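Okay, structure first, notes after.
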Amino acid sequence: MDKTLIVCGSAGRGGVTETMCQMAADVIRAKGYDSIVVYPSDMRIEHCRGCDRCSEGRCIIDDDMHKLYRLFADSDFLILATPLHFSGPSSLIKTVMDRFQAYWFGKDLPHPKAAAGMICAGSEKPNFEPTIAIMRAFAITTDMKWLGQLEFAGTDVRGDTGADEEVARFIGDILALGDSLPRAVRVPPDGYGGE
């Protein structure tokens, strides 16, 4: 995984999602690989119009999404990071995923080989499943292997306490185990694996 693209789907800066993204990038770089974190909140990305013009291989909307397309095409690994909003992904990360409609028509378009997710939630017992299903469907549609997700709960009380350690372990597992990574790594409010 020489090059990793991390998409930070939080609308704000300095929160748990950004902490997780920066930590993932730091761990990846410490292992000698390239990593970039992008912030759709700082970009002009319009919603998919459903016009199907991308069936010709390229989205016709002229916005910052074309920067993401280039980064996506040049990356070996993708991490989608989002806070949980009503059991779903943030509107930012969902808008980004929806704009990859061209991959529905063209599975041979250049893309990362694998993807994973990092999801944080304020509740101590959130329902991560709808967001995971959306992220996995995105990976399948764009012909990437889904390596799993980090589910980080209880942030209303603990904030980002423990996020660094959990992200480091999760990314370390991905880099070390690759395809053997378990499907999910749940981090309850009391820590990794309940410890």
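For the structure tokens, the naming scheme is as follows: chains receive sequential letters (A, B, ...) according to their order of presentation, residues are indexed from 1 within each chain, and ligands are indexed from 1 in presentation order.
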Would you give me, as a tab-separated table, each residue of segment 64-111 of chain A having an atom within 12 Å of an atom of segment 149-165 of chain A, along with its shortest atom pair and that distance in Å to one decimal, using only C-alpha atoms and sorting by chain and residue number?
residue	atom	partner	partner_atom	distance
A:Leu78	CA	A:Gln149	CA	11.7
A:Ile79	CA	A:Gln149	CA	9.1
A:Leu80	CA	A:Gln149	CA	9.2
A:Ala81	CA	A:Leu150	CA	9.3
A:Thr82	CA	A:Glu151	CA	10.2
A:Pro83	CA	A:Phe152	CA	9.3
A:Leu84	CA	A:Ala153	CA	9.4
A:Ser87	CA	A:Ala153	CA	11.9
Excluding Glu18 of chain A and any residue of its chain fewer than 3 positions from it, enumerate the residues within 12 Å of it, using only C-alpha atoms, and give them as a VMD selection string. chain A and resid 6 to 15 21 to 25 37 to 41 80 to 83 118 to 120 159 to 160 163 to 164 167
Would you list, as a PyMOL selection string, the residues of segment 4-179 of chain A that end up in strand (DSSP E) under DSSP run on this structure's backbone? chain A and resi 4-8+34-38+77-83+114-120+145-152
Please, which residues of segment 1-193 of chain A, numbered as in this document, come out alpha helix (DSSP H) from DSSP, as a ChimeraX atom specification? /A:16-30,65-74,91-98,102-105,129-141,155-158,163-177
Near Ala139 of chain A, within 8 Å and counting only C-alpha atoms, which residues show up once chain neighbours fewer than 5 positions away are dropped, as a count of residues only? 5
Using only C-alpha atoms: which of A:Arg136, A:Arg169, A:Lys107, A:Arg99 has the shortest distance to Arg53 of chain A: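 Closest residue, counting only C-alpha atoms: A:Arg99.
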Applying 8 Å and only C-alpha atoms, which residues near Pro110 of chain A remain after dropping the ones on its own chain fewer than 2 positions away? List them as a ChimeraX atom specification. /A:72-74,108,112
Quick one, how far is atom CA of Lys94 of chain A from atom CA of Thr141 of chain A?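 Rounded to one decimal, the two atoms are 14.1 Å apart.
A straight line drawn from atom CA of Ala30 of chain A to atom CA of His111 of chain A is 23.7 Å long.
Counting only C-alpha atoms, the residue from A:Lys67, A:Arg49, A:Lys113, A:Lys125 that sits nearest to Asp2 of chain A is A:Lys113.
Of the residues listed (A:Cys59, A:Cys54, A:Ile140, A:Met65), A:Cys54 shows the shortest atom-to-atom separation from Phe105 of chain A; distances use only C-alpha atoms.
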